[in-house]
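The structure under discussion appears below in the form of structure tokens.
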Amino acid sequence: MSQTLLPFRFDQIIRYFPYIFFFKLILVRFLQIISLNNSNGVIFLNDFAKNHISKFTNIKDSTIIPLGVGNEKVIKLKEKVFNNLNKIPISIIYISEVTNYKNQYEVINELKNSNIDFVINFVGKIFKPYFNKINKLNFSNKKFKFTGNLTSDQTVDLLKKSDIFLFASSVENFPVSILEGLVNEK
């Protein structure tokens, strides 16, 4: 099953050059191509992933099994979010490693001058070179908070106190953190 497109997105991999992670991703890409080409079949989570990865492979057979929620659940979650927008400040949580393809830089750059009263807690391990880039954005530490790694209990507690779960990865199809957000109705 293809859960992430990162090894197949050179525009994202190149952001890690010259760090060792760049070379690891190239190796993973090579090994995944061999594995996918030798498999009897591949399960994809969406058409985009299937179409993108198929450009690099000769997969014999594949199917799409979408991982998502029904319309009723989505409508219920949207109503909950919009009902909380009158709460000040809006509490937002982003649980993920702070690194290039997770796009925390882009989130902060987009929202740093917003008039909306919010606080975003970025929870997760911090990739220092990327964090250094983020720190050059001149943003308010009152709106954007980086906690680093927290214990599971601390993360769940912060998640439960949040109004909105944010996820801005540019390469992941359906990461575990989205399931965690859904379980907590965020």
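In the structure tokens, each chain is lettered A, B, ... as it comes, each chain's residues begin at 1, and ligands are numbered from 1 in order of appearance.
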
Excluding region 4-20 of chain A and any residue of its chain fewer than 6 positions from it, enumerate the residues within 10 Å of it, using only C-alpha atoms, and give them as an mmCIF file with N, CA, C and O atoms, in the first residue's frame.
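Written output follows (selection-v4.cif):
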data_model
loop_
_atom_site.group_PDB
_atom_site.id
_atom_site.type_symbol
_atom_site.label_atom_id
_atom_site.label_comp_id
_atom_site.auth_asym_id
_atom_site.auth_seq_id
_atom_site.Cartn_x
_atom_site.Cartn_y
_atom_site.Cartn_z
ATOM 1 N N ILE A 26 16.207 8.777 -1.761
ATOM 2 C CA ILE A 26 16.553 8.248 -3.085
ATOM 3 C C ILE A 26 16.640 6.723 -3.020
ATOM 4 O O ILE A 26 16.125 6.021 -3.901
ATOM 5 N N LEU A 27 17.254 6.206 -1.965
ATOM 6 C CA LEU A 27 17.356 4.756 -1.789
ATOM 7 C C LEU A 27 15.970 4.135 -1.604
ATOM 8 O O LEU A 27 15.654 3.112 -2.224
ATOM 9 N N VAL A 28 15.128 4.758 -0.786
ATOM 10 C CA VAL A 28 13.771 4.247 -0.571
ATOM 11 C C VAL A 28 13.001 4.234 -1.886
ATOM 12 O O VAL A 28 12.288 3.273 -2.193
ATOM 13 N N ARG A 29 13.133 5.284 -2.651
ATOM 14 C CA ARG A 29 12.456 5.353 -3.959
ATOM 15 C C ARG A 29 12.873 4.183 -4.844
ATOM 16 O O ARG A 29 12.037 3.486 -5.428
ATOM 17 N N PHE A 30 14.178 3.947 -4.927
ATOM 18 C CA PHE A 30 14.712 2.861 -5.728
ATOM 19 C C PHE A 30 14.164 1.514 -5.251
ATOM 20 O O PHE A 30 13.700 0.695 -6.055
ATOM 21 N N LEU A 31 14.186 1.281 -3.933
ATOM 22 C CA LEU A 31 13.703 0.013 -3.375
ATOM 23 C C LEU A 31 12.191 -0.146 -3.547
ATOM 24 O O LEU A 31 11.706 -1.249 -3.826
ATOM 25 N N GLN A 32 11.449 0.940 -3.400
ATOM 26 C CA GLN A 32 10.001 0.854 -3.591
ATOM 27 C C GLN A 32 9.646 0.548 -5.044
ATOM 28 O O GLN A 32 8.708 -0.209 -5.304
ATOM 29 N N ILE A 33 10.366 1.120 -5.970
ATOM 30 C CA ILE A 33 10.108 0.828 -7.381
ATOM 31 C C ILE A 33 10.337 -0.656 -7.656
ATOM 32 O O ILE A 33 9.519 -1.313 -8.306
ATOM 33 N N LEU A 45 -4.514 4.577 -2.159
ATOM 34 C CA LEU A 45 -5.536 5.250 -1.359
ATOM 35 C C LEU A 45 -6.347 6.247 -2.179
ATOM 36 O O LEU A 45 -7.417 6.662 -1.747
ATOM 37 N N PHE A 48 -4.889 10.064 -7.389
ATOM 38 C CA PHE A 48 -3.688 10.873 -7.541
ATOM 39 C C PHE A 48 -2.444 10.041 -7.263
ATOM 40 O O PHE A 48 -1.485 10.053 -8.033
ATOM 41 N N ALA A 49 -2.442 9.290 -6.148
ATOM 42 C CA ALA A 49 -1.286 8.464 -5.795
ATOM 43 C C ALA A 49 -1.044 7.399 -6.864
ATOM 44 O O ALA A 49 0.093 7.171 -7.291
ATOM 45 N N LYS A 50 -2.104 6.756 -7.310
ATOM 46 C CA LYS A 50 -1.967 5.715 -8.336
ATOM 47 C C LYS A 50 -1.367 6.295 -9.613
ATOM 48 O O LYS A 50 -0.416 5.739 -10.171
ATOM 49 N N HIS A 52 0.360 9.065 -10.042
ATOM 50 C CA HIS A 52 1.710 9.604 -9.858
ATOM 51 C C HIS A 52 2.747 8.478 -9.782
ATOM 52 O O HIS A 52 3.767 8.525 -10.470
ATOM 53 N N ILE A 53 2.495 7.482 -8.958
ATOM 54 C CA ILE A 53 3.463 6.391 -8.784
ATOM 55 C C ILE A 53 3.553 5.543 -10.048
ATOM 56 O O ILE A 53 4.617 5.018 -10.385
ATOM 57 N N LYS A 55 3.758 6.498 -12.961
ATOM 58 C CA LYS A 55 4.708 7.115 -13.889
ATOM 59 C C LYS A 55 6.112 6.528 -13.734
ATOM 60 O O LYS A 55 6.931 6.604 -14.646
ATOM 61 N N PHE A 56 6.401 5.958 -12.545
ATOM 62 C CA PHE A 56 7.743 5.474 -12.232
ATOM 63 C C PHE A 56 7.845 3.952 -12.214
ATOM 64 O O PHE A 56 8.924 3.415 -12.018
ATOM 65 N N THR A 99 9.231 19.599 9.431
ATOM 66 C CA THR A 99 10.206 19.360 8.371
ATOM 67 C C THR A 99 9.637 19.827 7.034
ATOM 68 O O THR A 99 8.459 20.168 6.937
ATOM 69 N N ASN A 100 10.479 19.834 6.027
ATOM 70 C CA ASN A 100 10.166 20.442 4.730
ATOM 71 C C ASN A 100 8.804 20.094 4.155
ATOM 72 O O ASN A 100 8.007 20.972 3.880
ATOM 73 N N TYR A 101 8.526 18.832 3.926
ATOM 74 C CA TYR A 101 7.305 18.469 3.205
ATOM 75 C C TYR A 101 6.045 18.543 4.056
ATOM 76 O O TYR A 101 4.946 18.356 3.555
ATOM 77 N N LYS A 102 6.185 18.863 5.345
ATOM 78 C CA LYS A 102 5.018 19.035 6.209
ATOM 79 C C LYS A 102 4.465 20.464 6.107
ATOM 80 O O LYS A 102 3.382 20.760 6.558
ATOM 81 N N PRO A 129 17.487 22.455 10.421
ATOM 82 C CA PRO A 129 17.659 23.363 9.272
ATOM 83 C C PRO A 129 16.338 23.968 8.793
ATOM 84 O O PRO A 129 16.285 25.141 8.428
ATOM 85 N N TYR A 130 15.267 23.188 8.814
ATOM 86 C CA TYR A 130 13.959 23.696 8.398
ATOM 87 C C TYR A 130 13.433 24.693 9.424
ATOM 88 O O TYR A 130 12.859 25.730 9.067
ATOM 89 N N SER A 169 0.677 18.484 4.884
ATOM 90 C CA SER A 169 1.704 17.742 4.156
ATOM 91 C C SER A 169 1.407 17.742 2.666
ATOM 92 O O SER A 169 0.264 17.622 2.243
ATOM 93 N N SER A 170 2.461 17.849 1.880
ATOM 94 C CA SER A 170 2.285 17.875 0.428
ATOM 95 C C SER A 170 2.498 16.515 -0.221
ATOM 96 O O SER A 170 2.370 16.398 -1.432
ATOM 97 N N VAL A 171 2.795 15.470 0.572
ATOM 98 C CA VAL A 171 3.078 14.179 -0.051
ATOM 99 C C VAL A 171 2.384 12.982 0.591
ATOM 100 O O VAL A 171 2.411 11.900 0.033
ATOM 101 N N GLU A 172 1.781 13.143 1.719
ATOM 102 C CA GLU A 172 1.196 11.991 2.398
ATOM 103 C C GLU A 172 -0.264 11.814 2.002
ATOM 104 O O GLU A 172 -1.041 12.756 2.009
ATOM 105 N N ASN A 173 -0.620 10.582 1.699
ATOM 106 C CA ASN A 173 -1.985 10.273 1.292
ATOM 107 C C ASN A 173 -2.938 10.232 2.476
ATOM 108 O O ASN A 173 -3.993 10.837 2.459
ATOM 109 N N PHE A 174 -2.582 9.481 3.488
ATOM 110 C CA PHE A 174 -3.463 9.322 4.638
ATOM 111 C C PHE A 174 -2.646 8.918 5.856
ATOM 112 O O PHE A 174 -2.598 7.749 6.227
ATOM 113 N N PRO A 175 -1.984 9.868 6.496
ATOM 114 C CA PRO A 175 -1.129 9.554 7.635
ATOM 115 C C PRO A 175 -1.933 9.242 8.893
ATOM 116 O O PRO A 175 -3.104 9.603 9.015
#

Find the residues near Leu166 (chain A): any atom within 7 Å, counting only C-alpha atoms, skip ones fewer than 5 places away on the same chain, and give them as a list of chain:residue names.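 Skipping anything fewer than 5 positions along the chain leaves A:Ile92, A:Ile93, A:Tyr94.
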
Store the residues picked out above, limited to C-alpha atoms, as an mmCIF file, in the first residue's frame.
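Saved as selection-v9.cif:
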data_model
loop_
_atom_site.group_PDB
_atom_site.id
_atom_site.type_symbol
_atom_site.label_atom_id
_atom_site.label_comp_id
_atom_site.auth_asym_id
_atom_site.auth_seq_id
_atom_site.Cartn_x
_atom_site.Cartn_y
_atom_site.Cartn_z
ATOM 1 C CA ILE A 92 -5.342 24.811 16.249
ATOM 2 C CA ILE A 93 -3.030 21.809 16.520
ATOM 3 C CA TYR A 94 -0.624 20.413 13.935
#

Mind checking which residues fall within 9 Å of region 111-117 of chain A, counting only C-alpha atoms, ignoring those fewer than 5 positions away in the same chain, and posting them as a list of chain:residue names? A:Ile88, A:Pro89, A:Ile90, A:Glu106, A:Leu137, A:Asn138, A:Phe139, A:Ser140, A:Lys143, A:Phe144

Could you please write out, as number ranges by chain, every residue of region 87-156 of chain A that DSSP assigns to strand (DSSP E)? A: 90-95, 118-123, 144-148

Which one of A:Ser62, A:Asn103, A:Asn135, A:Thr147 sits closest to Phe122 (chain A) if you count only C-alpha atoms?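 Answer, going by the shortest atom-to-atom distance: A:Thr147.
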
At what distance in Å, to one decimal, does CA of Thr155 (chain A) lie from CA of Lys125 (chain A)?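 We find that CA of Lys125 (chain A) and CA of Thr155 (chain A) lie 12.4 Å from each other.
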
Quick check for you: according to DSSP on this backbone, which residues of region 141-180 of chain A are classed as alpha helix (DSSP H)? Reply as number ranges by chain. A: 152-161, 176-180

Take the residues just selected and output them with C-alpha atoms as a CSV table (one decimal), in the first residue's frame.
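Once everything was written out, this is part-v3.csv:
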chain,number,residue,atom,x,y,z
A,152,SER,CA,1.5,10.6,24.2
A,153,ASP,CA,-0.6,11.8,27.1
A,154,GLN,CA,0.5,15.4,26.6
A,155,THR,CA,-0.2,15.2,22.9
A,156,VAL,CA,-3.7,13.7,23.4
A,157,ASP,CA,-4.5,16.3,26.1
A,158,LEU,CA,-3.5,19.2,23.8
A,159,LEU,CA,-5.4,17.6,20.9
A,160,LYS,CA,-8.6,17.4,23.0
A,161,LYS,CA,-8.3,21.1,24.0
A,176,VAL,CA,-1.9,8.2,11.1
A,177,SER,CA,-2.2,11.7,12.5
A,178,ILE,CA,-5.3,12.4,10.5
A,179,LEU,CA,-6.9,9.3,12.1
A,180,GLU,CA,-5.9,10.7,15.5

Between A:Phe118, A:Phe22, A:Phe167, A:Phe44, which is the closest to Glu97 (chain A) once you count only C-alpha atoms? A:Phe167

Between CA of Asp163 (chain A) and CA of Phe131 (chain A), distance in Å (one decimal):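 Result for CA of Asp163 (chain A) versus CA of Phe131 (chain A): 24.8 Å, one decimal.
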
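If you look at CA of Asn37 (chain A) and CA of Thr57 (chain A), they are 6.1 Å away from each other.
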
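Closest approach to Asn40 (chain A) among A:Lys145, A:Thr63, A:Lys133, A:Ser54: A:Thr63, based on only C-alpha atoms.
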